[in-house]
file coords.cif (mmCIF, C-alpha atoms)
data_my_file
#
loop_
_atom_site.label_atom_id
_atom_site.label_comp_id
_atom_site.auth_asym_id
_atom_site.auth_seq_id
_atom_site.Cartn_x
_atom_site.Cartn_y
_atom_site.Cartn_z
CA MET A 241 -28.95 -12.66 8.94
CA ALA A 242 -25.84 -11.91 6.91
CA ARG A 243 -23.75 -14.78 5.55
CA VAL A 244 -20.51 -13.06 6.53
CA SER A 245 -19.50 -10.39 9.03
CA VAL A 246 -16.67 -8.36 7.48
CA LEU A 247 -14.68 -6.70 10.26
CA ILE A 248 -12.49 -3.73 9.36
CA PRO A 249 -10.24 -1.96 11.85
CA THR A 250 -9.01 1.38 10.54
CA TYR A 251 -6.67 4.10 11.75
CA GLU A 252 -6.10 7.38 9.89
CA ARG A 253 -6.32 5.92 6.35
CA PRO A 254 -9.56 7.24 4.84
CA GLU A 255 -8.47 6.83 1.21
CA ALA A 256 -7.41 3.22 1.75
CA LEU A 257 -10.67 2.45 3.56
CA VAL A 258 -12.66 3.78 0.59
CA MET A 259 -10.78 1.38 -1.68
CA THR A 260 -11.52 -1.53 0.68
CA LEU A 261 -15.22 -0.67 0.89
CA SER A 262 -15.34 -0.41 -2.92
CA GLY A 263 -14.16 -4.00 -3.17
CA LEU A 264 -16.85 -5.11 -0.73
CA ALA A 265 -19.51 -3.27 -2.73
CA THR A 266 -18.76 -5.47 -5.75
CA GLN A 267 -18.70 -8.89 -4.06
CA THR A 268 -20.85 -11.65 -5.54
CA VAL A 269 -21.98 -12.39 -1.97
CA LYS A 270 -24.26 -9.45 -1.24
CA ASP A 271 -25.64 -10.14 2.24
CA LEU A 272 -22.67 -8.85 4.20
CA GLN A 273 -22.55 -7.30 7.64
CA VAL A 274 -19.72 -4.77 7.34
CA VAL A 275 -18.43 -3.41 10.64
CA VAL A 276 -15.92 -0.55 10.48
CA SER A 277 -14.21 0.61 13.65
CA SER A 278 -11.97 3.63 13.39
CA GLN A 279 -9.47 4.91 15.92
CA GLY A 280 -7.55 8.15 15.89
CA ARG A 281 -8.48 11.73 15.03
CA HIS A 282 -10.73 10.97 12.06
CA ARG A 283 -14.02 9.11 12.22
CA ALA A 284 -14.42 6.80 9.23
CA GLN A 285 -18.13 7.58 9.00
CA GLU A 286 -17.40 11.27 8.45
CA SER A 287 -16.02 10.57 4.96
CA PRO A 288 -18.76 11.38 2.42
CA VAL A 289 -17.22 8.90 -0.03
CA ALA A 290 -17.11 6.10 2.56
CA GLN A 291 -20.74 6.87 3.45
CA ALA A 292 -21.73 6.70 -0.23
CA ILE A 293 -20.05 3.34 -0.72
CA GLY A 294 -21.69 2.13 2.49
CA ARG A 295 -25.05 3.02 0.93
CA VAL A 296 -24.13 0.98 -2.16
CA ILE A 297 -23.40 -2.04 0.07
CA GLU A 298 -26.75 -1.52 1.81
CA ALA A 299 -28.63 -1.11 -1.49
CA ARG A 300 -27.24 -4.48 -2.61
CA GLY A 301 -28.56 -6.23 0.54
CA GLY A 302 -25.77 -5.69 3.06
CA ALA A 303 -25.56 -3.71 6.27
CA VAL A 304 -22.86 -1.29 7.39
CA GLU A 305 -22.06 -0.31 10.98
CA TRP A 306 -19.72 2.52 11.92
CA HIS A 307 -17.90 2.75 15.25
CA HIS A 308 -15.27 5.16 16.52
CA ARG A 309 -13.22 4.33 19.57
CA GLU A 310 -10.23 5.64 21.46
CA PRO A 311 -6.96 3.99 20.42
CA ARG A 312 -6.30 0.88 22.52
CA GLY A 313 -4.23 -1.26 20.16
CA ILE A 314 -5.00 -3.59 17.28
CA ALA A 315 -5.60 -6.74 19.37
CA GLU A 316 -8.24 -4.99 21.48
CA GLN A 317 -9.74 -3.43 18.34
CA ARG A 318 -10.06 -6.84 16.67
CA HIS A 319 -11.63 -8.26 19.85
CA PHE A 320 -14.20 -5.44 19.81
CA LEU A 321 -14.98 -6.10 16.14
CA LEU A 322 -15.40 -9.83 16.71
CA GLN A 323 -17.94 -9.06 19.45
CA CYS A 324 -19.92 -7.06 16.86
CA ALA A 325 -20.06 -9.98 14.41
CA GLU A 326 -23.54 -11.42 13.92
CA ALA A 327 -22.93 -13.90 11.09
CA GLU A 328 -21.68 -17.44 11.55
CA ASN A 329 -18.67 -16.58 9.37
CA ALA A 330 -16.33 -13.66 10.02
CA LEU A 331 -13.71 -12.09 7.78
CA PHE A 332 -11.11 -9.73 9.20
CA LEU A 333 -10.13 -7.31 6.46
CA ASP A 334 -7.38 -4.71 6.71
CA ASP A 335 -8.32 -1.19 5.66
CA ASP A 336 -5.99 -1.19 2.66
CA VAL A 337 -7.03 -4.39 0.85
CA TYR A 338 -9.04 -4.43 -2.35
CA MET A 339 -10.77 -7.76 -2.97
CA GLN A 340 -11.83 -8.94 -6.39
CA PRO A 341 -15.58 -9.66 -6.63
CA PHE A 342 -15.27 -13.46 -6.19
CA VAL A 343 -13.11 -13.59 -3.04
CA VAL A 344 -15.78 -13.73 -0.29
CA GLU A 345 -17.76 -16.35 -2.20
CA ARG A 346 -14.66 -18.48 -2.75
CA LEU A 347 -13.73 -18.31 0.94
CA LEU A 348 -17.26 -19.39 1.92
CA CYS A 349 -17.21 -22.25 -0.59
CA VAL A 350 -13.95 -23.58 0.86
CA LEU A 351 -15.27 -23.35 4.43
CA GLU A 352 -18.39 -25.28 3.46
CA ALA A 353 -16.72 -27.87 1.20
CA GLU A 354 -13.87 -28.66 3.57
CA ARG A 355 -15.95 -28.29 6.75
CA CYS A 356 -13.11 -26.41 8.38
CA GLY A 357 -13.04 -23.45 10.72
CA PHE A 358 -10.52 -21.18 9.03
CA VAL A 359 -9.50 -20.19 5.52
CA GLY A 360 -7.50 -17.27 4.30
CA ALA A 361 -6.60 -15.39 1.16
CA PHE A 362 -3.25 -13.70 0.82
CA PRO A 363 -3.53 -10.13 -0.45
CA THR A 364 -0.95 -9.01 -2.98
CA GLY A 365 0.17 -5.41 -2.77
CA LEU A 366 0.74 -3.90 -6.19
CA THR A 367 3.16 -1.43 -4.63
CA PHE A 368 5.77 -4.17 -4.97
CA LEU A 369 4.74 -5.37 -8.45
CA ASP A 370 8.33 -5.29 -9.76
CA ASP A 371 9.86 -6.82 -6.59
CA VAL A 372 10.27 -10.40 -7.87
CA ARG A 373 11.70 -12.98 -5.45
CA PRO A 374 11.67 -16.43 -7.11
CA GLU A 375 12.82 -18.18 -3.92
CA GLN A 376 9.65 -16.95 -2.19
CA GLN A 377 7.33 -18.00 -5.00
CA VAL A 378 7.35 -21.75 -4.45
CA PHE A 379 3.86 -23.16 -4.78
CA GLU A 380 2.83 -26.58 -3.51
CA PRO A 381 -0.78 -27.48 -4.27
CA TRP A 382 -2.69 -29.16 -1.47
CA GLU A 383 -3.64 -32.74 -2.32
CA GLY A 384 -6.78 -34.29 -0.82
CA PRO A 385 -9.10 -33.04 1.91
CA VAL A 386 -8.13 -30.71 4.73
CA ARG A 387 -6.67 -32.58 7.71
CA PRO A 388 -6.10 -31.34 11.25
CA GLU A 389 -2.56 -30.21 11.93
CA VAL A 390 -0.73 -31.93 14.76
CA VAL A 391 0.62 -29.35 17.18
CA GLU A 392 3.11 -30.61 19.74
CA LYS A 393 4.54 -28.79 22.72
CA ASN A 394 8.05 -27.56 21.84
CA GLY A 395 7.44 -28.78 18.29
#
call {"tool": "encode", "arguments": {"input": "coords.cif", "output": "structure tokens"}}
result
Amino acid sequence: MARVSVLIPTYERPEALVMTLSGLATQTVKDLQVVVSSQGRHRAQESPVAQAIGRVIEARGGAVEWHHREPRGIAEQRHFLLQCAEAENALFLDDDVYMQPFVVERLLCVLEAERCGFVGAFPTGLTFLDDVRPEQQVFEPWEGPVRPEVVEKNG
């Protein structure tokens, strides 16, 4: 069984999807279940380049599934993808995100080390490389182990 199910909803962005699949093909974690579900006029699996990158993922020990469905909205699409997940860990990945080769492994390491149920990695879009906003770049490192967050009604 795969260590991670990578769930990718896509809609009419074949070039972006190819970039995303390329990032998955280079991950240090190789046993991935990649599930792509396209909506819209174009079926993701009809792209020869996407198919070729899917074969690279499979040659490295992963599996790729292709689905095409009628548009029903992103929430329903994500629900469908989650039902397809077979691994204990699931990663939702937008169809326009390129991940560096260490990202999946680092996410898994944090899940295991902290014994938590959710981790995330914020993607940085290079489209806005020169859009610097110092007031939004405050960084506060987390000290100590992960602790449950208290959520109060009307809080």
call {"tool": "resolve_selection", "arguments": {"input": "coords.cif", "expression": "the PyMOL selection byres ((chain A and resi 296) around 12)", "output": "PyMOL selection string"}}
result
chain A and resi 261-267+270+272+274+289-295+297-304
call {"tool": "resolve_selection", "arguments": {"input": "coords.cif", "expression": "the PyMOL selection byres ((chain A and resi 385) around 10)", "output": "PyMOL selection string"}}
result
chain A and resi 353-355+382-384+386-388
call {"tool": "resolve_selection", "arguments": {"input": "coords.cif", "expression": "the PyMOL selection byres ((chain A and resi 312) around 12)", "output": "PyMOL selection string"}}
result
chain A and resi 249+251+277-280+308-311+313-320
call {"tool": "residues_around", "arguments": {"input": "coords.cif", "residues": "Ala361 of chain A", "least_positions_apart": "4", "cutoff": "10 Å", "atoms": "all atoms listed in the file", "output": "PyMOL selection string"}}
result
chain A and resi 339+343-344+346-347
call {"tool": "closest_residue", "arguments": {"input": "coords.cif", "among": "A:Asp271, A:Asp336, A:Glu345, A:Glu328", "to": "Gly357 of chain A", "atoms": "all atoms listed in the file"}}
result
A:Glu328
call {"tool": "closest_residue", "arguments": {"input": "coords.cif", "among": "A:Phe342, A:Phe332, A:Phe379, A:Phe358", "to": "Thr268 of chain A", "atoms": "only C-alpha atoms"}}
result
A:Phe342
call {"tool": "closest_residue", "arguments": {"input": "coords.cif", "among": "A:Val359, A:Glu392, A:Leu351, A:Gln340", "to": "Met259 of chain A", "atoms": "only C-alpha atoms"}}
result
A:Gln340
call {"tool": "atom_distance", "arguments": {"input": "coords.cif", "atom1": "atom CA of Leu348 of chain A", "atom2": "atom CA of Glu305 of chain A"}}
result
21.7 Å
call {"tool": "residues_around", "arguments": {"input": "coords.cif", "residues": "Val337 of chain A", "least_positions_apart": "4", "cutoff": "8 Å", "atoms": "all atoms listed in the file", "output": "list in words"}}
result
Ala256, Met259, Thr260, Leu333 and Pro363 of chain A
call {"tool": "write_last_selection", "arguments": {"input": "coords.cif", "atoms": "C-alpha atoms", "output": "PDB file, in the coordinates of the input"}}
result
ATOM      1  CA  ALA A 256      -7.410   3.220   1.750  1.00  0.00           C
ATOM      2  CA  MET A 259     -10.780   1.380  -1.680  1.00  0.00           C
ATOM      3  CA  THR A 260     -11.520  -1.530   0.680  1.00  0.00           C
ATOM      4  CA  LEU A 333     -10.130  -7.310   6.460  1.00  0.00           C
ATOM      5  CA  PRO A 363      -3.530 -10.130  -0.450  1.00  0.00           C
TER       6      PRO A 363
END
call {"tool": "atom_distance", "arguments": {"input": "coords.cif", "atom1": "atom CA of Asn329 of chain A", "atom2": "atom CA of Val244 of chain A"}}
result
4.9 Å
call {"tool": "atom_distance", "arguments": {"input": "coords.cif", "atom1": "atom CA of His307 of chain A", "atom2": "atom CA of Ala242 of chain A"}}
result
18.6 Å
call {"tool": "axis_aligned_box", "arguments": {"input": "coords.cif", "around": "segment 339-343 of chain A", "padding_each_side": "6 Å", "output": "JSON"}}
result
{"center_x": -13.2, "center_y": -10.7, "center_z": -4.8, "size_x": 16.8, "size_y": 17.8, "size_z": 15.7}
call {"tool": "closest_residue", "arguments": {"input": "coords.cif", "among": "A:Glu352, A:Lys393, A:Trp306, A:Leu257", "to": "Tyr338 of chain A", "atoms": "only C-alpha atoms"}}
result
A:Leu257
call {"tool": "build_atoms", "arguments": {"input": "coords.cif", "residues": "segment 342-353 of chain A", "atoms": "all heavy atoms", "output": "compact mmCIF listing (two decimals), in the coordinates of the input"}}
result
# COMPACT_ATOMS: atom_id res chain seq x y z
N PHE A 342 -15.01 -12.05 -6.51
CA PHE A 342 -15.27 -13.46 -6.19
C PHE A 342 -14.68 -13.92 -4.86
O PHE A 342 -14.94 -15.06 -4.44
CB PHE A 342 -14.70 -14.34 -7.30
CG PHE A 342 -13.20 -14.21 -7.45
CD1 PHE A 342 -12.34 -14.97 -6.66
CD2 PHE A 342 -12.66 -13.33 -8.36
CE1 PHE A 342 -10.96 -14.83 -6.78
CE2 PHE A 342 -11.28 -13.19 -8.48
CZ PHE A 342 -10.43 -13.94 -7.69
N VAL A 343 -13.90 -13.11 -4.18
CA VAL A 343 -13.11 -13.59 -3.04
C VAL A 343 -13.98 -14.08 -1.88
O VAL A 343 -13.76 -15.17 -1.35
CB VAL A 343 -12.11 -12.51 -2.57
CG1 VAL A 343 -11.41 -12.94 -1.29
CG2 VAL A 343 -11.09 -12.23 -3.66
N VAL A 344 -14.96 -13.31 -1.43
CA VAL A 344 -15.78 -13.73 -0.29
C VAL A 344 -16.51 -15.03 -0.62
O VAL A 344 -16.55 -15.96 0.20
CB VAL A 344 -16.77 -12.62 0.14
CG1 VAL A 344 -17.74 -13.14 1.18
CG2 VAL A 344 -16.01 -11.43 0.69
N GLU A 345 -17.05 -15.13 -1.82
CA GLU A 345 -17.76 -16.35 -2.20
C GLU A 345 -16.82 -17.55 -2.21
O GLU A 345 -17.16 -18.64 -1.74
CB GLU A 345 -18.40 -16.18 -3.58
CG GLU A 345 -19.21 -17.37 -4.00
CD GLU A 345 -19.99 -17.12 -5.29
OE1 GLU A 345 -19.78 -16.09 -5.95
OE2 GLU A 345 -20.82 -17.99 -5.62
N ARG A 346 -15.62 -17.38 -2.72
CA ARG A 346 -14.66 -18.48 -2.75
C ARG A 346 -14.27 -18.91 -1.33
O ARG A 346 -14.19 -20.10 -1.05
CB ARG A 346 -13.42 -18.09 -3.53
CG ARG A 346 -12.43 -19.27 -3.63
CD ARG A 346 -11.32 -19.03 -4.59
NE ARG A 346 -11.84 -18.99 -5.94
CZ ARG A 346 -11.11 -18.64 -6.99
NH1 ARG A 346 -9.85 -18.31 -6.85
NH2 ARG A 346 -11.63 -18.62 -8.20
N LEU A 347 -14.06 -17.97 -0.44
CA LEU A 347 -13.73 -18.31 0.94
C LEU A 347 -14.86 -19.10 1.59
O LEU A 347 -14.63 -20.11 2.28
CB LEU A 347 -13.44 -17.04 1.76
CG LEU A 347 -12.15 -16.29 1.39
CD1 LEU A 347 -12.11 -14.95 2.12
CD2 LEU A 347 -10.92 -17.11 1.70
N LEU A 348 -16.10 -18.67 1.37
CA LEU A 348 -17.26 -19.39 1.92
C LEU A 348 -17.37 -20.80 1.34
O LEU A 348 -17.66 -21.75 2.07
CB LEU A 348 -18.54 -18.61 1.64
CG LEU A 348 -18.77 -17.38 2.49
CD1 LEU A 348 -19.98 -16.60 1.98
CD2 LEU A 348 -18.95 -17.75 3.95
N CYS A 349 -17.14 -20.93 0.05
CA CYS A 349 -17.21 -22.25 -0.59
C CYS A 349 -16.19 -23.21 0.00
O CYS A 349 -16.48 -24.39 0.24
CB CYS A 349 -17.01 -22.14 -2.10
SG CYS A 349 -18.44 -21.42 -2.96
N VAL A 350 -14.98 -22.73 0.26
CA VAL A 350 -13.95 -23.58 0.86
C VAL A 350 -14.34 -23.97 2.28
O VAL A 350 -14.21 -25.14 2.67
CB VAL A 350 -12.57 -22.90 0.82
CG1 VAL A 350 -11.54 -23.69 1.61
CG2 VAL A 350 -12.11 -22.71 -0.62
N LEU A 351 -14.83 -23.02 3.06
CA LEU A 351 -15.27 -23.35 4.43
C LEU A 351 -16.33 -24.45 4.42
O LEU A 351 -16.27 -25.40 5.20
CB LEU A 351 -15.84 -22.11 5.12
CG LEU A 351 -14.87 -21.10 5.68
CD1 LEU A 351 -15.63 -19.85 6.15
CD2 LEU A 351 -14.05 -21.68 6.81
N GLU A 352 -17.29 -24.32 3.52
CA GLU A 352 -18.39 -25.28 3.46
C GLU A 352 -17.92 -26.63 2.89
O GLU A 352 -18.26 -27.68 3.44
CB GLU A 352 -19.53 -24.71 2.62
CG GLU A 352 -20.19 -23.52 3.29
CD GLU A 352 -21.09 -22.72 2.38
OE1 GLU A 352 -21.25 -23.09 1.19
OE2 GLU A 352 -21.64 -21.70 2.84
N ALA A 353 -17.15 -26.62 1.83
CA ALA A 353 -16.72 -27.87 1.20
C ALA A 353 -15.77 -28.67 2.09
O ALA A 353 -15.85 -29.89 2.17
CB ALA A 353 -16.05 -27.57 -0.15
